[in-house]
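Structure below is work.cif: mmCIF, C-alpha atoms.
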data_input
loop_
_atom_site.group_PDB
_atom_site.id
_atom_site.type_symbol
_atom_site.label_atom_id
_atom_site.label_comp_id
_atom_site.auth_asym_id
_atom_site.auth_seq_id
_atom_site.Cartn_x
_atom_site.Cartn_y
_atom_site.Cartn_z
ATOM 1 C CA MET N 1 2.710 14.954 -14.680
ATOM 2 C CA GLY N 2 2.189 14.232 -18.340
ATOM 3 C CA ASP N 3 5.908 14.588 -19.180
ATOM 4 C CA PHE N 4 7.895 11.650 -20.498
ATOM 5 C CA ILE N 5 9.890 10.133 -17.676
ATOM 6 C CA SER N 6 12.542 7.691 -18.830
ATOM 7 C CA SER N 7 13.454 5.987 -15.587
ATOM 8 C CA TRP N 8 10.452 4.396 -13.893
ATOM 9 C CA ILE N 9 10.414 0.685 -13.063
ATOM 10 C CA GLN N 10 7.204 -1.161 -12.244
ATOM 11 C CA ILE N 11 7.479 -3.866 -9.568
ATOM 12 C CA THR N 12 4.859 -6.605 -9.470
ATOM 13 C CA ILE N 13 4.755 -9.198 -6.710
ATOM 14 C CA GLN N 14 2.039 -11.852 -6.826
ATOM 15 C CA ALA N 15 1.558 -13.935 -3.705
ATOM 16 C CA PRO N 16 -1.006 -15.408 -1.289
ATOM 17 C CA ALA N 17 -2.819 -12.748 0.734
ATOM 18 C CA ALA N 18 -0.692 -12.973 3.891
ATOM 19 C CA GLN N 19 2.587 -12.649 2.000
ATOM 20 C CA ALA N 20 1.103 -9.971 -0.297
ATOM 21 C CA ASP N 21 0.314 -7.822 2.764
ATOM 22 C CA ALA N 22 3.944 -8.035 3.833
ATOM 23 C CA ALA N 23 5.062 -7.235 0.287
ATOM 24 C CA ALA N 24 2.809 -4.163 0.126
ATOM 25 C CA ASP N 25 4.200 -2.851 3.403
ATOM 26 C CA PHE N 26 7.783 -3.504 2.293
ATOM 27 C CA LEU N 27 7.359 -1.768 -1.088
ATOM 28 C CA ALA N 28 5.590 1.221 0.465
ATOM 29 C CA GLN N 29 8.458 1.722 2.904
ATOM 30 C CA LEU N 30 11.176 1.111 0.303
ATOM 31 C CA THR N 31 9.765 3.386 -2.392
ATOM 32 C CA GLY N 32 8.202 6.007 -0.097
ATOM 33 C CA ALA N 33 5.023 5.907 -2.204
ATOM 34 C CA GLY N 34 1.708 4.129 -2.326
ATOM 35 C CA VAL N 35 1.223 0.696 -3.819
ATOM 36 C CA GLU N 36 -1.711 -0.889 -5.615
ATOM 37 C CA THR N 37 -3.166 -4.217 -4.486
ATOM 38 C CA VAL N 38 -5.418 -6.314 -6.713
ATOM 39 C CA GLU N 39 -7.226 -9.416 -5.461
ATOM 40 C CA LEU N 40 -7.199 -12.124 -8.136
ATOM 41 C CA ASP N 41 -9.885 -14.676 -8.961
ATOM 42 C CA ALA N 42 -7.237 -17.188 -9.969
ATOM 43 C CA PRO N 43 -5.331 -18.633 -8.348
ATOM 44 C CA ALA N 44 -7.764 -18.417 -5.449
ATOM 45 C CA GLY N 45 -6.591 -16.161 -2.645
ATOM 46 C CA ALA N 46 -3.758 -14.605 -4.647
ATOM 47 C CA VAL N 47 -3.067 -10.871 -4.546
ATOM 48 C CA ARG N 48 -1.042 -8.791 -6.988
ATOM 49 C CA VAL N 49 0.977 -5.936 -5.451
ATOM 50 C CA ILE N 50 2.246 -3.198 -7.768
ATOM 51 C CA GLY N 51 4.737 -0.474 -6.895
ATOM 52 C CA TYR N 52 7.129 1.819 -8.742
ATOM 53 C CA LEU N 53 10.798 2.752 -8.497
ATOM 54 C CA SER N 54 12.036 6.114 -9.699
ATOM 55 C CA GLY N 55 15.411 6.450 -11.389
ATOM 56 C CA SER N 56 16.229 9.305 -9.038
ATOM 57 C CA GLY N 57 17.256 6.746 -6.420
ATOM 58 C CA ASP N 58 19.746 3.886 -6.313
ATOM 59 C CA THR N 59 17.637 1.482 -8.350
ATOM 60 C CA ALA N 60 20.282 -1.265 -8.438
ATOM 61 C CA ALA N 61 20.396 -1.433 -4.649
ATOM 62 C CA GLN N 62 16.611 -1.176 -4.406
ATOM 63 C CA ARG N 63 16.110 -4.000 -6.910
ATOM 64 C CA ALA N 64 18.567 -6.155 -5.000
ATOM 65 C CA ALA N 65 16.698 -5.464 -1.747
ATOM 66 C CA ILE N 66 13.375 -6.372 -3.378
ATOM 67 C CA GLU N 67 14.802 -9.585 -4.830
ATOM 68 C CA ALA N 68 16.210 -10.614 -1.455
ATOM 69 C CA PHE N 69 12.928 -9.815 0.280
ATOM 70 C CA ALA N 70 10.920 -11.773 -2.308
ATOM 71 C CA HIS N 71 13.270 -14.752 -1.963
ATOM 72 C CA ASP N 72 12.763 -14.829 1.811
ATOM 73 C CA LEU N 73 9.016 -14.313 1.459
ATOM 74 C CA ALA N 74 8.734 -17.149 -1.072
ATOM 75 C CA GLU N 75 10.006 -19.566 1.559
ATOM 76 C CA GLN N 76 6.779 -18.913 3.497
ATOM 77 C CA CYS N 77 4.625 -20.041 0.532
ATOM 78 C CA GLN N 78 4.132 -23.195 -1.444
ATOM 79 C CA ALA N 79 6.603 -23.603 -4.288
ATOM 80 C CA GLY N 80 5.725 -21.319 -7.189
ATOM 81 C CA ALA N 81 3.072 -19.368 -5.275
ATOM 82 C CA LEU N 82 5.091 -16.130 -5.259
ATOM 83 C CA SER N 83 6.374 -14.351 -8.331
ATOM 84 C CA LEU N 84 8.363 -11.142 -8.823
ATOM 85 C CA CYS N 85 8.551 -9.103 -12.009
ATOM 86 C CA PHE N 86 10.306 -5.845 -12.922
ATOM 87 C CA LYS N 87 9.107 -3.873 -15.962
ATOM 88 C CA ASP N 88 11.031 -0.939 -17.419
ATOM 89 C CA LEU N 89 8.615 1.872 -18.284
ATOM 90 C CA ALA N 90 11.227 3.894 -20.189
ATOM 91 C CA GLY N 91 9.854 6.034 -23.007
ATOM 92 C CA GLN N 92 6.258 5.789 -21.878
ATOM 93 C CA ASP N 93 4.060 8.771 -21.118
ATOM 94 C CA TRP N 94 3.807 8.162 -17.388
ATOM 95 C CA GLY N 95 1.138 10.778 -16.828
ATOM 96 C CA GLU N 96 -1.185 9.459 -19.509
ATOM 97 C CA ASN N 97 -0.689 5.832 -18.442
ATOM 98 C CA TRP N 98 -1.889 6.354 -14.876
ATOM 99 C CA LYS N 99 -4.611 8.768 -15.931
ATOM 100 C CA GLN N 100 -6.235 6.006 -17.980
ATOM 101 C CA ASN N 101 -6.673 3.981 -14.796
ATOM 102 C CA PHE N 102 -7.847 6.807 -12.525
ATOM 103 C CA LYS N 103 -11.636 6.989 -12.844
ATOM 104 C CA PRO N 104 -14.315 8.438 -10.512
ATOM 105 C CA ARG N 105 -14.833 6.048 -7.637
ATOM 106 C CA ALA N 106 -16.796 5.933 -4.391
ATOM 107 C CA VAL N 107 -14.087 5.402 -1.775
ATOM 108 C CA SER N 108 -16.426 5.458 1.218
ATOM 109 C CA GLN N 109 -20.112 5.889 1.959
ATOM 110 C CA THR N 110 -19.818 9.677 1.739
ATOM 111 C CA PHE N 111 -16.951 10.435 -0.612
ATOM 112 C CA VAL N 112 -16.492 10.033 -4.353
ATOM 113 C CA VAL N 113 -13.005 10.787 -5.640
ATOM 114 C CA ALA N 114 -12.474 11.930 -9.219
ATOM 115 C CA PRO N 115 -9.610 13.462 -11.196
ATOM 116 C CA PRO N 116 -9.941 17.062 -12.448
ATOM 117 C CA TRP N 117 -10.172 15.943 -16.083
ATOM 118 C CA GLU N 118 -13.466 14.126 -15.435
ATOM 119 C CA ARG N 119 -16.078 16.743 -16.297
ATOM 120 C CA SER N 120 -19.253 14.943 -15.246
ATOM 121 C CA VAL N 121 -19.517 12.897 -12.064
ATOM 122 C CA ARG N 122 -22.846 11.592 -10.762
ATOM 123 C CA LEU N 123 -23.312 11.818 -7.014
ATOM 124 C CA GLY N 124 -25.867 10.226 -4.721
ATOM 125 C CA GLU N 125 -28.016 12.393 -2.495
ATOM 126 C CA ASP N 126 -25.627 12.298 0.483
ATOM 127 C CA GLN N 127 -22.354 11.927 -1.400
ATOM 128 C CA LYS N 128 -19.590 14.526 -1.577
ATOM 129 C CA LEU N 129 -17.085 14.916 -4.419
ATOM 130 C CA ILE N 130 -13.351 15.245 -3.794
ATOM 131 C CA VAL N 131 -11.332 16.278 -6.839
ATOM 132 C CA ILE N 132 -7.820 14.836 -6.672
ATOM 133 C CA ASP N 133 -4.834 15.219 -8.952
ATOM 134 C CA PRO N 134 -2.239 13.212 -7.021
ATOM 135 C CA GLY N 135 0.773 14.062 -9.154
ATOM 136 C CA GLN N 136 3.559 11.983 -7.615
ATOM 137 C CA ALA N 137 2.036 12.111 -4.126
ATOM 138 C CA PHE N 138 0.255 9.193 -2.467
ATOM 139 C CA GLY N 139 -3.511 9.309 -2.171
ATOM 140 C CA THR N 140 -6.372 8.747 -4.606
ATOM 141 C CA GLY N 141 -8.491 7.054 -1.948
ATOM 142 C CA GLN N 142 -8.178 3.638 -3.567
ATOM 143 C CA HIS N 143 -5.708 2.221 -1.057
ATOM 144 C CA GLU N 144 -7.286 0.415 1.873
ATOM 145 C CA SER N 145 -5.454 2.493 4.480
ATOM 146 C CA THR N 146 -6.872 5.722 3.026
ATOM 147 C CA ALA N 147 -10.363 4.238 2.804
ATOM 148 C CA LEU N 148 -10.142 3.204 6.459
ATOM 149 C CA CYS N 149 -9.214 6.754 7.499
ATOM 150 C CA LEU N 150 -12.084 8.208 5.489
ATOM 151 C CA GLN N 151 -14.525 5.780 7.098
ATOM 152 C CA ARG N 152 -13.286 6.663 10.582
ATOM 153 C CA LEU N 153 -13.583 10.367 9.751
ATOM 154 C CA GLU N 154 -17.173 9.825 8.633
ATOM 155 C CA SER N 155 -17.931 7.882 11.805
ATOM 156 C CA LEU N 156 -16.742 10.745 14.024
ATOM 157 C CA ASP N 157 -18.790 13.189 11.965
ATOM 158 C CA ASP N 158 -21.920 11.007 12.189
ATOM 159 C CA LYS N 159 -21.552 10.927 15.980
ATOM 160 C CA GLY N 160 -21.072 14.700 16.195
ATOM 161 C CA ARG N 161 -17.489 14.297 17.410
ATOM 162 C CA LEU N 162 -15.662 15.950 14.506
ATOM 163 C CA GLY N 163 -14.268 19.145 15.980
ATOM 164 C CA SER N 164 -11.838 21.815 14.788
ATOM 165 C CA PRO N 165 -8.991 22.283 14.144
ATOM 166 C CA VAL N 166 -7.818 19.087 12.414
ATOM 167 C CA LEU N 167 -4.218 18.067 11.706
ATOM 168 C CA ASP N 168 -3.329 15.769 8.769
ATOM 169 C CA VAL N 169 0.198 14.376 9.231
ATOM 170 C CA GLY N 170 1.849 13.098 6.045
ATOM 171 C CA CYS N 171 -0.888 14.561 3.873
ATOM 172 C CA GLY N 172 0.272 13.145 0.509
ATOM 173 C CA SER N 173 -2.254 14.319 -2.078
ATOM 174 C CA GLY N 174 -4.302 15.968 0.689
ATOM 175 C CA ILE N 175 -7.276 13.639 0.434
ATOM 176 C CA LEU N 176 -7.867 13.342 4.193
ATOM 177 C CA ALA N 177 -7.502 17.076 4.750
ATOM 178 C CA LEU N 178 -9.930 17.708 1.885
ATOM 179 C CA ALA N 179 -12.424 15.217 3.310
ATOM 180 C CA ALA N 180 -12.349 16.915 6.722
ATOM 181 C CA ALA N 181 -12.905 20.296 5.092
ATOM 182 C CA LYS N 182 -15.751 18.876 2.976
ATOM 183 C CA LEU N 183 -17.410 17.729 6.210
ATOM 184 C CA GLY N 184 -17.388 21.321 7.388
ATOM 185 C CA VAL N 185 -14.228 21.589 9.489
ATOM 186 C CA PRO N 186 -13.309 25.296 9.219
ATOM 187 C CA LYS N 187 -9.557 24.852 9.830
ATOM 188 C CA VAL N 188 -7.404 21.960 8.663
ATOM 189 C CA VAL N 189 -3.606 21.947 8.907
ATOM 190 C CA ALA N 190 -1.878 19.566 6.484
ATOM 191 C CA ILE N 191 1.842 18.795 6.682
ATOM 192 C CA ASP N 192 4.270 16.610 4.748
ATOM 193 C CA ILE N 193 8.055 16.459 4.497
ATOM 194 C CA ASP N 194 7.791 15.830 0.717
ATOM 195 C CA PRO N 195 7.656 19.127 -1.270
ATOM 196 C CA GLU N 196 5.688 17.373 -4.019
ATOM 197 C CA ALA N 197 3.018 16.388 -1.502
ATOM 198 C CA VAL N 198 2.796 19.966 -0.203
ATOM 199 C CA ARG N 199 2.382 21.243 -3.756
ATOM 200 C CA CYS N 200 -0.242 18.615 -4.620
ATOM 201 C CA THR N 201 -2.273 19.259 -1.471
ATOM 202 C CA ALA N 202 -2.264 23.016 -2.089
ATOM 203 C CA GLU N 203 -3.366 22.540 -5.693
ATOM 204 C CA ASN N 204 -6.063 20.051 -4.733
ATOM 205 C CA ALA N 205 -7.373 22.443 -2.091
ATOM 206 C CA MET N 206 -7.799 25.006 -4.871
ATOM 207 C CA HIS N 207 -9.417 22.430 -7.197
ATOM 208 C CA ASN N 208 -12.041 21.861 -4.495
ATOM 209 C CA GLY N 209 -12.527 25.495 -3.481
ATOM 210 C CA LEU N 210 -11.115 24.744 -0.021
ATOM 211 C CA ALA N 211 -7.907 26.793 -0.018
ATOM 212 C CA ALA N 212 -9.283 29.103 2.683
ATOM 213 C CA GLN N 213 -9.882 26.139 5.032
ATOM 214 C CA ILE N 214 -6.661 24.193 4.504
ATOM 215 C CA GLU N 215 -3.216 25.383 5.591
ATOM 216 C CA VAL N 216 -0.496 23.233 4.035
ATOM 217 C CA SER N 217 3.269 23.277 4.614
ATOM 218 C CA ASP N 218 6.417 21.202 5.076
ATOM 219 C CA THR N 219 6.541 22.112 8.763
ATOM 220 C CA SER N 220 7.747 19.210 10.903
ATOM 221 C CA LEU N 221 5.259 17.647 13.302
ATOM 222 C CA GLU N 222 7.204 18.870 16.330
ATOM 223 C CA GLN N 223 7.134 22.471 15.055
ATOM 224 C CA VAL N 224 3.397 22.625 14.331
ATOM 225 C CA ARG N 225 1.807 25.171 16.643
ATOM 226 C CA GLY N 226 -1.238 24.496 18.773
ATOM 227 C CA ARG N 227 -3.278 21.436 19.612
ATOM 228 C CA PHE N 228 -5.998 19.764 17.598
ATOM 229 C CA ALA N 229 -9.429 18.252 18.132
ATOM 230 C CA LEU N 230 -8.461 15.534 15.640
ATOM 231 C CA VAL N 231 -5.071 14.311 14.453
ATOM 232 C CA MET N 232 -4.955 12.024 11.399
ATOM 233 C CA ALA N 233 -1.848 10.014 10.464
ATOM 234 C CA ASN N 234 -1.921 7.562 7.554
ATOM 235 C CA LEU N 235 1.677 6.358 7.859
ATOM 236 C CA THR N 236 3.612 3.115 8.161
ATOM 237 C CA ALA N 237 3.649 1.251 11.466
ATOM 238 C CA LYS N 238 7.310 2.192 11.889
ATOM 239 C CA ASP N 239 6.545 5.899 11.428
ATOM 240 C CA LEU N 240 3.551 5.776 13.756
ATOM 241 C CA ILE N 241 5.656 4.231 16.511
ATOM 242 C CA GLU N 242 8.514 6.698 16.018
ATOM 243 C CA LEU N 243 6.127 9.685 15.983
ATOM 244 C CA ALA N 244 3.837 8.446 18.754
ATOM 245 C CA GLU N 245 4.893 11.011 21.352
ATOM 246 C CA PRO N 246 4.680 14.108 19.092
ATOM 247 C CA LEU N 247 1.352 12.872 17.676
ATOM 248 C CA ARG N 248 0.022 12.530 21.219
ATOM 249 C CA ALA N 249 1.377 15.975 22.104
ATOM 250 C CA LYS N 250 -0.627 17.620 19.308
ATOM 251 C CA MET N 251 -3.979 16.304 20.567
ATOM 252 C CA GLU N 252 -6.298 18.521 22.574
ATOM 253 C CA LEU N 253 -7.549 17.189 25.889
ATOM 254 C CA GLY N 254 -10.358 14.854 24.809
ATOM 255 C CA GLY N 255 -9.208 15.013 21.184
ATOM 256 C CA TYR N 256 -9.089 12.064 18.795
ATOM 257 C CA LEU N 257 -6.327 10.331 16.880
ATOM 258 C CA ILE N 258 -7.012 8.368 13.689
ATOM 259 C CA CYS N 259 -4.030 6.332 12.549
ATOM 260 C CA SER N 260 -3.761 3.895 9.673
ATOM 261 C CA GLY N 261 -1.193 2.575 7.216
ATOM 262 C CA MET N 262 -0.264 -0.489 9.272
ATOM 263 C CA LEU N 263 -0.926 -4.140 8.535
ATOM 264 C CA THR N 264 -3.442 -5.952 10.725
ATOM 265 C CA THR N 265 -0.547 -7.951 12.181
ATOM 266 C CA GLN N 266 0.944 -4.662 13.421
ATOM 267 C CA LEU N 267 -2.203 -3.268 15.054
ATOM 268 C CA ASP N 268 -1.517 -4.583 18.549
ATOM 269 C CA GLN N 269 2.045 -3.269 18.583
ATOM 270 C CA VAL N 270 1.003 0.231 17.473
ATOM 271 C CA ARG N 271 -1.994 0.290 19.835
ATOM 272 C CA GLN N 272 0.157 -0.681 22.806
ATOM 273 C CA VAL N 273 2.589 2.166 22.103
ATOM 274 C CA PHE N 274 -0.201 4.755 22.147
ATOM 275 C CA GLU N 275 -1.877 3.192 25.169
ATOM 276 C CA GLY N 276 1.474 3.476 26.916
ATOM 277 C CA LEU N 277 1.197 7.236 26.353
ATOM 278 C CA GLY N 278 -2.177 7.351 28.090
ATOM 279 C CA LEU N 279 -4.519 7.056 25.111
ATOM 280 C CA SER N 280 -7.519 4.703 25.014
ATOM 281 C CA LEU N 281 -8.758 2.709 22.045
ATOM 282 C CA ILE N 282 -12.334 3.451 20.995
ATOM 283 C CA GLU N 283 -12.385 1.800 17.562
ATOM 284 C CA GLN N 284 -10.289 -0.696 15.616
ATOM 285 C CA ASN N 285 -10.984 -1.707 12.032
ATOM 286 C CA ALA N 286 -9.448 -3.730 9.227
ATOM 287 C CA LEU N 287 -9.798 -3.870 5.462
ATOM 288 C CA ALA N 288 -8.020 -6.330 3.138
ATOM 289 C CA GLY N 289 -5.135 -6.835 5.527
ATOM 290 C CA TRP N 290 -4.728 -3.183 6.532
ATOM 291 C CA GLY N 291 -5.747 -1.746 9.892
ATOM 292 C CA ALA N 292 -6.834 1.515 11.501
ATOM 293 C CA LEU N 293 -7.155 2.724 15.082
ATOM 294 C CA VAL N 294 -9.148 5.532 16.663
ATOM 295 C CA LEU N 295 -7.853 6.613 20.066
ATOM 296 C CA VAL N 296 -8.766 9.299 22.554
#

Rewrite the coordinates I just gave you, this time as structure tokens.
Amino acid sequence: MGDFISSWIQITIQAPAAQADAAADFLAQLTGAGVETVELDAPAGAVRVIGYLSGSGDTAAQRAAIEAFAHDLAEQCQAGALSLCFKDLAGQDWGENWKQNFKPRAVSQTFVVAPPWERSVRLGEDQKLIVIDPGQAFGTGQHESTALCLQRLESLDDKGRLGSPVLDVGCGSGILALAAAKLGVPKVVAIDIDPEAVRCTAENAMHNGLAAQIEVSDTSLEQVRGRFALVMANLTAKDLIELAEPLRAKMELGGYLICSGMLTTQLDQVRQVFEGLGLSLIEQNALAGWGALVLV
């Protein structure tokens, strides 16, 4: 990052919370990247959803799909309650722009996430620092789905149920793999089909002095060897359903599965798929319209 990229488009959808949740899920699936959600004081209950399109794709078709989606979504709101805006970021220093907004932040009770250019970060007595340079990969810990996974990881650790090895499926920036390693897991396997995510996770493991604990690759889920005491998957509901059987197959007997990335309206559907494979729900949580499940 830090190079000038001439073909990024910022998408902003502002809508009531229920429609904003649907917009966030749609943009995440369309762009293949994370989105930012901002709750607004005015108008009351409104949420701003921000995503980005890269010029490497068919932006005309993507814009048309977003416009059609927003039109249909607007019919579920009061007139004027939903707005859509595209902003061309051509000629801007993309790296510097997002760096200005990435500051040290407590993303859970235990973890504080900070970028590598922040030299001094104050930690509480029981807090742990995760240094993240996300590059173009999803995961600074600020999205609700990531925060939910981190909280579930902490909960297992607090109860003495965090075993080894751990598998992080769709690792993005590597934040969940790093968190598991920070909690003392001696072996974490992190996989992602995106080469940029693999590179970012490997670099972030080095930033945190955890390269010896984290094995990262673009190996497909089906080809990963062995079984795991914990499998983590922060993916879309669609991906979780499609990968349900191989995710289940990678769990040790008595192992745990943490899955997030779905909207709260999708929790029952995803849970039922995993229960149909013989898993049992032990915890279900929600945060700002996003949900997480822990199954065994």

Residues matched by the PyMOL selection byres ((chain N and resi 11) around 7) as a PyMOL selection string: chain N and resi 9-10+12-13+50-52+85-87

Residues returned when the PyMOL selection byres ((chain N and resi 122) around 12) runs on this file, as JSON, numbers by chain: {"N": [104, 105, 106, 111, 112, 113, 114, 118, 119, 120, 121, 123, 124, 125, 126, 127, 128, 129]}

From N:Ala288, N:Leu178, N:Ile214, N:Ala24, residue lying nearest Leu148 in chain N [all atoms listed in the file]: N:Ala288

Selection dump of the PyMOL selection byres ((chain N and resi 26) around 12), as an MDAnalysis selection string: chainID N and resid 11 13 19:25 27:35 49:51 62 65:70 73 236:238 261:263

Spatial neighbours of Leu167 in chain N, 9 Å, all atoms listed in the file, chain gap at least 3 places, as a PyMOL selection string: chain N and resi 177+187-191+227-233+250

Counting all atoms listed in the file, the residue of N:Leu153, N:Ala179, N:Ala212, N:Cys171 that sits nearest Pro195 in chain N: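 Of N:Leu153, N:Ala179, N:Ala212, N:Cys171, the one nearest Pro195 in chain N, counting all atoms listed in the file, is N:Cys171.
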
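The space separating CA of Leu210 in chain N from CA of Leu240 in chain N comes to 27.7 Å.
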
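Using all atoms listed in the file, the residues found no farther than 8 Å from Ser145 in chain N, other than those of its own chain fewer than 3 positions away, are N:Leu148, N:Cys149, N:Asn234, N:Ser260, N:Gly261, N:Met262, N:Leu287, N:Trp290, N:Gly291, N:Ala292.
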
Between CA of Val270 in chain N and CA of Leu295 in chain N, distance in Å (one decimal):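 A separation of 11.2 Å between them.
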
Between CA of Gly226 in chain N and CA of Val273 in chain N, distance in Å (one decimal):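 A separation of 22.9 Å between them.
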
Spatial neighbours of Gln151 in chain N, max dist 8 Å, only C-alpha atoms, sep filter under 3 positions, as a PyMOL selection string: chain N and resi 108-109+147-148+154-155

Could you write those residues out with C-alpha atoms, as a short mmCIF file (atom, residue, chain, number, x, y, z; two decimals), keeping the file's coordinate frame?
data_model
loop_
_atom_site.label_atom_id
_atom_site.label_comp_id
_atom_site.auth_asym_id
_atom_site.auth_seq_id
_atom_site.Cartn_x
_atom_site.Cartn_y
_atom_site.Cartn_z
CA SER N 108 -16.43 5.46 1.22
CA GLN N 109 -20.11 5.89 1.96
CA ALA N 147 -10.36 4.24 2.80
CA LEU N 148 -10.14 3.20 6.46
CA GLU N 154 -17.17 9.82 8.63
CA SER N 155 -17.93 7.88 11.80
#

9 Å contact set for Arg48 in chain N, all atoms listed in the file, chain neighbours under 5 positions out, as a list of chain:residue names: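 Returned residues: N:Thr12, N:Ile13, N:Gln14, N:Ala15, N:Pro16, N:Ala17, N:Ala20, N:Glu36, N:Thr37, N:Val38, N:Glu39, N:Leu40.
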
Residue with smallest distance to Val47 in chain N - pool N:Gly163, N:Cys200, N:Ser173, N:Gly289, counting all atoms listed in the file: N:Gly289

Counting all atoms listed in the file, the option among N:Pro115, N:Ala18, N:Asp58, N:Gly160 closest to Ala74 in chain N: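 Ranking N:Pro115, N:Ala18, N:Asp58, N:Gly160 by distance to Ala74 in chain N, first place goes to N:Ala18.
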
Top pick for closest residue to Asp133 in chain N, considering N:Leu293, N:Val107, N:Leu221, N:Met206 and counting all atoms listed in the file: N:Met206

Let me have the centre and edge lengths of the axis-aligned box enclosing all listed atoms of range 37-53 of chain N with 3 Å padding on every side, in Å to one decimal, as lines of an AutoDock Vina configuration file.
center_x = 0.5
center_y = -7.9
center_z = -6.3
size_x = 26.7
size_y = 27.4
size_z = 13.3
